[in-house]
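target-v2.cif follows (mmCIF, C-alpha atoms; chains and numbers go by the auth columns):
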data_protein
#
loop_
_atom_site.group_PDB
_atom_site.id
_atom_site.type_symbol
_atom_site.label_atom_id
_atom_site.label_comp_id
_atom_site.label_asym_id
_atom_site.label_seq_id
_atom_site.Cartn_x
_atom_site.Cartn_y
_atom_site.Cartn_z
_atom_site.B_iso_or_equiv
_atom_site.auth_seq_id
_atom_site.auth_asym_id
ATOM 1 C CA MET A 1 -26.569 -246.692 -44.599 0.00 1 N
ATOM 2 C CA ALA A 2 -25.937 -243.068 -43.657 0.00 2 N
ATOM 3 C CA GLU A 3 -22.353 -241.860 -43.384 0.00 3 N
ATOM 4 C CA LEU A 4 -20.826 -240.991 -39.999 0.00 4 N
ATOM 5 C CA LYS A 5 -19.736 -237.338 -39.871 0.00 5 N
ATOM 6 C CA TRP A 6 -18.478 -234.969 -37.181 0.00 6 N
ATOM 7 C CA PHE A 7 -21.360 -232.587 -36.434 0.00 7 N
ATOM 8 C CA VAL A 8 -21.007 -229.496 -34.262 0.00 8 N
ATOM 9 C CA LEU A 9 -23.353 -229.473 -31.253 0.00 9 N
ATOM 10 C CA TYR A 10 -24.011 -226.216 -29.411 0.00 10 N
ATOM 11 C CA THR A 11 -24.542 -226.597 -25.654 0.00 11 N
ATOM 12 C CA THR A 12 -25.854 -224.466 -22.821 0.00 12 N
ATOM 13 C CA SER A 13 -23.311 -222.243 -21.115 0.00 13 N
ATOM 14 C CA ARG A 14 -20.431 -224.105 -19.417 0.00 14 N
ATOM 15 C CA SER A 15 -22.012 -227.546 -19.813 0.00 15 N
ATOM 16 C CA GLU A 16 -19.747 -228.948 -22.537 0.00 16 N
ATOM 17 C CA LYS A 17 -18.174 -231.582 -20.243 0.00 17 N
ATOM 18 C CA LYS A 18 -21.526 -232.844 -18.956 0.00 18 N
ATOM 19 C CA VAL A 19 -23.024 -233.045 -22.445 0.00 19 N
ATOM 20 C CA ALA A 20 -19.950 -234.868 -23.786 0.00 20 N
ATOM 21 C CA GLN A 21 -20.111 -237.377 -20.909 0.00 21 N
ATOM 22 C CA ARG A 22 -23.840 -238.016 -21.420 0.00 22 N
ATOM 23 C CA LEU A 23 -23.312 -238.574 -25.154 0.00 23 N
ATOM 24 C CA LYS A 24 -20.468 -241.022 -24.457 0.00 24 N
ATOM 25 C CA GLU A 25 -22.767 -242.906 -22.068 0.00 25 N
ATOM 26 C CA ARG A 26 -25.187 -243.307 -24.987 0.00 26 N
ATOM 27 C CA GLY A 27 -22.416 -244.899 -27.036 0.00 27 N
ATOM 28 C CA LEU A 28 -21.628 -241.948 -29.316 0.00 28 N
ATOM 29 C CA GLU A 29 -18.145 -240.895 -30.365 0.00 29 N
ATOM 30 C CA VAL A 30 -17.523 -237.411 -28.968 0.00 30 N
ATOM 31 C CA TYR A 31 -14.591 -235.017 -29.152 0.00 31 N
ATOM 32 C CA LEU A 32 -14.313 -232.140 -26.701 0.00 32 N
ATOM 33 C CA PRO A 33 -10.966 -230.335 -27.018 0.00 33 N
ATOM 34 C CA MET A 34 -9.915 -229.131 -23.559 0.00 34 N
ATOM 35 C CA ILE A 35 -7.227 -226.693 -22.420 0.00 35 N
ATOM 36 C CA GLU A 36 -5.798 -226.025 -18.992 0.00 36 N
ATOM 37 C CA GLU A 37 -5.998 -222.463 -17.727 0.00 37 N
ATOM 38 C CA LEU A 38 -4.699 -220.827 -14.564 0.00 38 N
ATOM 39 C CA ARG A 39 -7.488 -218.840 -12.894 0.00 39 N
ATOM 40 C CA GLN A 40 -6.866 -216.151 -10.289 0.00 40 N
ATOM 41 C CA TRP A 41 -9.336 -215.570 -7.476 0.00 41 N
ATOM 42 C CA SER A 42 -8.892 -213.046 -4.671 0.00 42 N
ATOM 43 C CA ASP A 43 -7.698 -215.749 -2.258 0.00 43 N
ATOM 44 C CA ARG A 44 -6.082 -218.399 -4.517 0.00 44 N
ATOM 45 C CA LYS A 45 -4.962 -219.577 -7.932 0.00 45 N
ATOM 46 C CA LYS A 46 -6.262 -222.748 -9.491 0.00 46 N
ATOM 47 C CA LYS A 47 -5.684 -224.664 -12.723 0.00 47 N
ATOM 48 C CA ILE A 48 -8.944 -225.493 -14.435 0.00 48 N
ATOM 49 C CA GLN A 49 -9.883 -227.526 -17.499 0.00 49 N
ATOM 50 C CA LYS A 50 -12.079 -225.667 -19.969 0.00 50 N
ATOM 51 C CA ALA A 51 -13.393 -226.239 -23.467 0.00 51 N
ATOM 52 C CA LEU A 52 -11.190 -224.887 -26.250 0.00 52 N
ATOM 53 C CA PHE A 53 -14.264 -223.673 -28.142 0.00 53 N
ATOM 54 C CA ASN A 54 -16.868 -222.377 -25.676 0.00 54 N
ATOM 55 C CA GLY A 55 -20.245 -224.039 -26.124 0.00 55 N
ATOM 56 C CA TYR A 56 -19.184 -226.550 -28.795 0.00 56 N
ATOM 57 C CA VAL A 57 -18.926 -230.343 -28.712 0.00 57 N
ATOM 58 C CA PHE A 58 -18.061 -232.431 -31.781 0.00 58 N
ATOM 59 C CA VAL A 59 -20.276 -235.499 -32.217 0.00 59 N
ATOM 60 C CA LYS A 60 -19.661 -238.273 -34.750 0.00 60 N
ATOM 61 C CA THR A 61 -23.054 -239.506 -35.852 0.00 61 N
ATOM 62 C CA THR A 62 -25.361 -239.788 -38.845 0.00 62 N
ATOM 63 C CA LYS A 63 -27.807 -237.156 -40.033 0.00 63 N
ATOM 64 C CA PRO A 64 -30.886 -239.289 -39.147 0.00 64 N
ATOM 65 C CA ASN A 65 -29.647 -239.603 -35.527 0.00 65 N
ATOM 66 C CA LEU A 66 -29.232 -235.861 -34.902 0.00 66 N
ATOM 67 C CA TRP A 67 -32.632 -235.495 -33.234 0.00 67 N
ATOM 68 C CA GLU A 68 -31.846 -238.327 -30.830 0.00 68 N
ATOM 69 C CA THR A 69 -28.567 -236.605 -29.880 0.00 69 N
ATOM 70 C CA LEU A 70 -30.428 -233.393 -29.020 0.00 70 N
ATOM 71 C CA GLN A 71 -32.412 -235.208 -26.315 0.00 71 N
ATOM 72 C CA VAL A 72 -29.393 -235.075 -23.983 0.00 72 N
ATOM 73 C CA PRO A 73 -29.829 -232.473 -21.198 0.00 73 N
ATOM 74 C CA GLY A 74 -27.649 -229.440 -21.970 0.00 74 N
ATOM 75 C CA ALA A 75 -27.711 -229.901 -25.750 0.00 75 N
ATOM 76 C CA VAL A 76 -29.245 -226.870 -27.466 0.00 76 N
ATOM 77 C CA LYS A 77 -28.958 -227.298 -31.244 0.00 77 N
ATOM 78 C CA PHE A 78 -26.664 -228.301 -34.059 0.00 78 N
ATOM 79 C CA VAL A 79 -24.776 -225.457 -35.673 0.00 79 N
ATOM 80 C CA ASN A 80 -26.150 -224.548 -39.102 0.00 80 N
ATOM 81 C CA PHE A 81 -24.759 -222.461 -41.943 0.00 81 N
ATOM 82 C CA SER A 82 -27.083 -221.548 -44.803 0.00 82 N
ATOM 83 C CA GLY A 83 -29.601 -224.184 -43.723 0.00 83 N
ATOM 84 C CA GLU A 84 -27.023 -227.014 -43.695 0.00 84 N
ATOM 85 C CA HIS A 85 -25.700 -228.710 -40.569 0.00 85 N
ATOM 86 C CA ALA A 86 -22.086 -227.714 -39.937 0.00 86 N
ATOM 87 C CA THR A 87 -19.648 -230.597 -40.189 0.00 87 N
ATOM 88 C CA VAL A 88 -15.947 -230.833 -39.440 0.00 88 N
ATOM 89 C CA ARG A 89 -13.607 -233.079 -41.417 0.00 89 N
ATOM 90 C CA GLN A 90 -11.639 -235.816 -39.633 0.00 90 N
ATOM 91 C CA GLU A 91 -8.402 -234.083 -40.709 0.00 91 N
ATOM 92 C CA GLU A 92 -9.423 -230.947 -38.780 0.00 92 N
ATOM 93 C CA ILE A 93 -10.205 -232.994 -35.646 0.00 93 N
ATOM 94 C CA ASP A 94 -6.791 -234.723 -35.981 0.00 94 N
ATOM 95 C CA THR A 95 -5.042 -231.352 -36.380 0.00 95 N
ATOM 96 C CA ILE A 96 -6.710 -229.906 -33.268 0.00 96 N
ATOM 97 C CA GLN A 97 -5.736 -233.056 -31.325 0.00 97 N
ATOM 98 C CA ARG A 98 -2.137 -232.837 -32.517 0.00 98 N
ATOM 99 C CA ILE A 99 -1.798 -229.186 -31.504 0.00 99 N
ATOM 100 C CA LEU A 100 -3.255 -229.870 -28.044 0.00 100 N
ATOM 101 C CA ASP A 101 -1.055 -232.972 -27.597 0.00 101 N
ATOM 102 C CA THR A 102 2.162 -231.118 -28.478 0.00 102 N
ATOM 103 C CA GLY A 103 1.506 -228.339 -25.981 0.00 103 N
ATOM 104 C CA VAL A 104 2.567 -225.513 -28.319 0.00 104 N
ATOM 105 C CA ALA A 105 1.270 -222.038 -27.490 0.00 105 N
ATOM 106 C CA PHE A 106 -1.708 -220.962 -29.579 0.00 106 N
ATOM 107 C CA GLU A 107 -4.750 -218.735 -29.470 0.00 107 N
ATOM 108 C CA THR A 108 -8.227 -219.042 -30.917 0.00 108 N
ATOM 109 C CA ASP A 109 -9.623 -216.408 -33.205 0.00 109 N
ATOM 110 C CA GLY A 110 -13.107 -216.059 -34.667 0.00 110 N
ATOM 111 C CA SER A 111 -12.442 -213.104 -36.958 0.00 111 N
ATOM 112 C CA GLU A 112 -12.213 -213.303 -40.707 0.00 112 N
ATOM 113 C CA ILE A 113 -8.539 -213.727 -41.499 0.00 113 N
ATOM 114 C CA ALA A 114 -7.457 -213.300 -45.098 0.00 114 N
ATOM 115 C CA LYS A 115 -5.744 -216.242 -46.738 0.00 115 N
ATOM 116 C CA GLY A 116 -1.979 -216.091 -46.442 0.00 116 N
ATOM 117 C CA GLU A 117 0.833 -217.857 -48.207 0.00 117 N
ATOM 118 C CA GLN A 118 1.010 -221.660 -48.061 0.00 118 N
ATOM 119 C CA VAL A 119 3.838 -222.878 -45.814 0.00 119 N
ATOM 120 C CA LYS A 120 5.295 -226.065 -44.357 0.00 120 N
ATOM 121 C CA ILE A 121 6.677 -226.278 -40.815 0.00 121 N
ATOM 122 C CA LEU A 122 10.333 -227.407 -40.887 0.00 122 N
ATOM 123 C CA GLY A 123 10.998 -228.045 -37.188 0.00 123 N
ATOM 124 C CA GLY A 124 9.488 -228.493 -33.774 0.00 124 N
ATOM 125 C CA PRO A 125 6.528 -230.564 -32.571 0.00 125 N
ATOM 126 C CA LEU A 126 4.363 -229.624 -35.578 0.00 126 N
ATOM 127 C CA GLN A 127 7.067 -230.483 -38.137 0.00 127 N
ATOM 128 C CA GLY A 128 5.687 -231.530 -41.496 0.00 128 N
ATOM 129 C CA MET A 129 2.297 -229.809 -41.139 0.00 129 N
ATOM 130 C CA GLU A 130 1.248 -227.669 -44.081 0.00 130 N
ATOM 131 C CA GLY A 131 -1.095 -224.712 -43.947 0.00 131 N
ATOM 132 C CA GLU A 132 -1.268 -220.946 -44.130 0.00 132 N
ATOM 133 C CA CYS A 133 0.950 -218.287 -42.661 0.00 133 N
ATOM 134 C CA VAL A 134 -0.578 -214.948 -41.681 0.00 134 N
ATOM 135 C CA ASN A 135 0.890 -211.861 -40.096 0.00 135 N
ATOM 136 C CA LYS A 136 -1.039 -210.441 -37.141 0.00 136 N
ATOM 137 C CA GLY A 137 0.493 -207.564 -35.263 0.00 137 N
ATOM 138 C CA ASN A 138 4.260 -208.054 -35.263 0.00 138 N
ATOM 139 C CA SER A 139 4.138 -211.864 -35.291 0.00 139 N
ATOM 140 C CA ASP A 140 3.801 -214.604 -37.865 0.00 140 N
ATOM 141 C CA TYR A 141 1.201 -217.263 -37.161 0.00 141 N
ATOM 142 C CA PHE A 142 0.582 -220.688 -38.645 0.00 142 N
ATOM 143 C CA ILE A 143 -3.187 -220.819 -39.032 0.00 143 N
ATOM 144 C CA ILE A 144 -5.435 -223.846 -38.750 0.00 144 N
ATOM 145 C CA ARG A 145 -8.957 -223.131 -39.927 0.00 145 N
ATOM 146 C CA VAL A 146 -11.999 -224.905 -38.458 0.00 146 N
ATOM 147 C CA PRO A 147 -14.702 -223.728 -40.886 0.00 147 N
ATOM 148 C CA GLY A 148 -17.434 -225.825 -39.237 0.00 148 N
ATOM 149 C CA ILE A 149 -17.536 -223.341 -36.347 0.00 149 N
ATOM 150 C CA ASN A 150 -15.936 -220.282 -37.991 0.00 150 N
ATOM 151 C CA GLN A 151 -12.898 -220.491 -35.717 0.00 151 N
ATOM 152 C CA ASN A 152 -9.161 -220.424 -36.322 0.00 152 N
ATOM 153 C CA LEU A 153 -6.253 -221.694 -34.260 0.00 153 N
ATOM 154 C CA LEU A 154 -3.235 -219.399 -34.468 0.00 154 N
ATOM 155 C CA VAL A 155 0.106 -221.001 -33.609 0.00 155 N
ATOM 156 C CA SER A 156 2.995 -218.572 -33.211 0.00 156 N
ATOM 157 C CA ILE A 157 5.946 -219.905 -35.188 0.00 157 N
ATOM 158 C CA GLU A 158 9.173 -218.148 -36.069 0.00 158 N
ATOM 159 C CA ARG A 159 9.692 -217.494 -39.780 0.00 159 N
ATOM 160 C CA LYS A 160 12.907 -219.539 -39.794 0.00 160 N
ATOM 161 C CA PHE A 161 10.833 -222.705 -39.151 0.00 161 N
ATOM 162 C CA LEU A 162 8.507 -222.044 -42.109 0.00 162 N
ATOM 163 C CA GLN A 163 9.116 -222.876 -45.758 0.00 163 N
ATOM 164 C CA VAL A 164 6.913 -221.511 -48.524 0.00 164 N
ATOM 165 C CA VAL A 165 5.410 -224.335 -50.618 0.00 165 N
#
Now, as a test, write the supplied structure out as structure tokens.
Amino acid sequence: MAELKWFVLYTTSRSEKKVAQRLKERGLEVYLPMIEELRQWSDRKKKIQKALFNGYVFVKTTKPNLWETLQVPGAVKFVNFSGEHATVRQEEIDTIQRILDTGVAFETDGSEIAKGEQVKILGGPLQGMEGECVNKGNSDYFIIRVPGINQNLLVSIERKFLQVV
């Protein structure tokens, strides 16, 4: 039996929610990380829910079932790197969920960031997490890499809460 993995599905523009809902209706396990954003129009302000990674939905399925998953309206293709379908480890999904659940401030970044020193967070909602520390501008960031989609989550954390491991 084929192993269940988190594959990265690319969707049409701004249809991540609809695609995720349609996949759930077909009985698939789907993860769509969402963030709340305050949007300003000329006449009003409104809080909206949007996908953390534009155009991406994480689908837990087997390789033989990928074609079936693509039959959902709004699904475009599975992300590939060097001819292989991009996958995301369960630990990375759990880390993204934890960061969103804690409500800490972060930003996404798709640039190539050099590896920094390995650190452990000593306090706050992410206490105990281990990862890399990088310096960007005048701030230190705890970086969470999501290699399946070439994205990084940068969490601003004061140096006093980081311990080099």
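If you look at CA of Gly116 (chain N) and CA of Val104 (chain N), they are 20.9 Å away from each other.
When the PyMOL selection byres ((chain N and resi 28) around 9) is evaluated on the file shown here, the picked residues come out as Leu23, Lys24, Glu25, Arg26, Gly27, Glu29, Val30, Val59, Lys60, Thr61 and Thr69 of chain N.
Among the candidates N:Val146, N:Gly103, N:Trp67, N:Tyr10, the one nearest to Glu36 (chain N) when counting all atoms listed in the file is N:Gly103.
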I'd like to know which of N:Ser82, N:Ser139, N:Gln127, N:Asn150 is closest to Arg98 (chain N), using all atoms listed in the file.
N:Gln127
For the provided coordinates, the residues matched by the PyMOL selection byres ((chain N and resi 91) around 12) should be stated as a PyMOL selection string.
chain N and resi 5-6+87-90+92-98+129+144-146
As a check of understanding, name the residues that the PyMOL selection byres ((chain N and resi 149) around 8) selects in the supplied structure, as number ranges by chain.
N: 8, 79, 86, 146-148, 150-151
Between N:Thr12, N:Ser42, N:Asn65, N:Ser156, which is the closest to Gly137 (chain N) once you count only C-alpha atoms?
N:Ser156
Between N:Met34, N:Ile121, N:Ala51, N:Val134, which has the minimum distance to Leu154 (chain N) (counting all atoms listed in the file)?
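Once distances to Leu154 (chain N) are computed over all atoms listed in the file, the minimum belongs to N:Val134.
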Taking all atoms of region 121-138 of chain N that appear in the file, build a box with edges along x, y and z, extend it by 8 Å on every side, and state its centre and edge lengths in Å to one decimal, as JSON.
{"center_x": 4.9, "center_y": -219.5, "center_z": -38.4, "size_x": 28.3, "size_y": 40.0, "size_z": 27.6}
re CA of Val164 (chain N) and CA of Gln118 (chain N): distance 5.9 Å
When distances are computed from only C-alpha atoms, which of N:Leu122, N:Gly131, N:Lys47, N:Leu153 shows the smallest separation from Glu107 (chain N)?
N:Leu153
Which of N:Ala114, N:Leu66, N:Val72, N:Leu100 sits closest to Ile35 (chain N) [using all atoms listed in the file]
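Closest candidate: N:Leu100.
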Two-atom distance - CA of Lys160 (chain N), CA of Ile113 (chain N) (Å)
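Spanning CA of Lys160 (chain N) to CA of Ile113 (chain N) is a straight-line distance of 22.3 Å.
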Which neighbours of Phe142 (chain N) fall inside 6 Å, counting all atoms listed in the file, when residues of the same chain fewer than 4 positions from it are skipped, and could you give them as a PDB file with C-alpha atoms, in the coordinates of the input?
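Output (around.pdb):
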ATOM      1  CA  GLU N 132      -1.268-220.946 -44.130  1.00  0.00           C
ATOM      2  CA  CYS N 133       0.950-218.287 -42.661  1.00  0.00           C
ATOM      3  CA  LEU N 154      -3.235-219.399 -34.468  1.00  0.00           C
ATOM      4  CA  VAL N 155       0.106-221.001 -33.609  1.00  0.00           C
TER       5      VAL N 155
END
Got a sec: who's within 8 Å of Gly74 (chain N), counting all atoms listed in the file, leaving out chain neighbours fewer than 6 positions off, as a VMD selection string?
chain N and resid 11 to 12 15 to 16 18 to 19
Need the shell around Lys46 (chain N): protein/DNA/RNA residues with any atom at most 12 Å away, counting only C-alpha atoms. Skip same-chain ones fewer than 6 positions apart. Format as a PDB file with C-alpha atoms, in the coordinates of the input?
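Saved as result21.pdb:
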ATOM      1  CA  GLU N  36      -5.798-226.025 -18.992  1.00  0.00           C
ATOM      2  CA  GLU N  37      -5.998-222.463 -17.727  1.00  0.00           C
ATOM      3  CA  LEU N  38      -4.699-220.827 -14.564  1.00  0.00           C
ATOM      4  CA  ARG N  39      -7.488-218.840 -12.894  1.00  0.00           C
ATOM      5  CA  GLN N  40      -6.866-216.151 -10.289  1.00  0.00           C
TER       6      GLN N  40
END
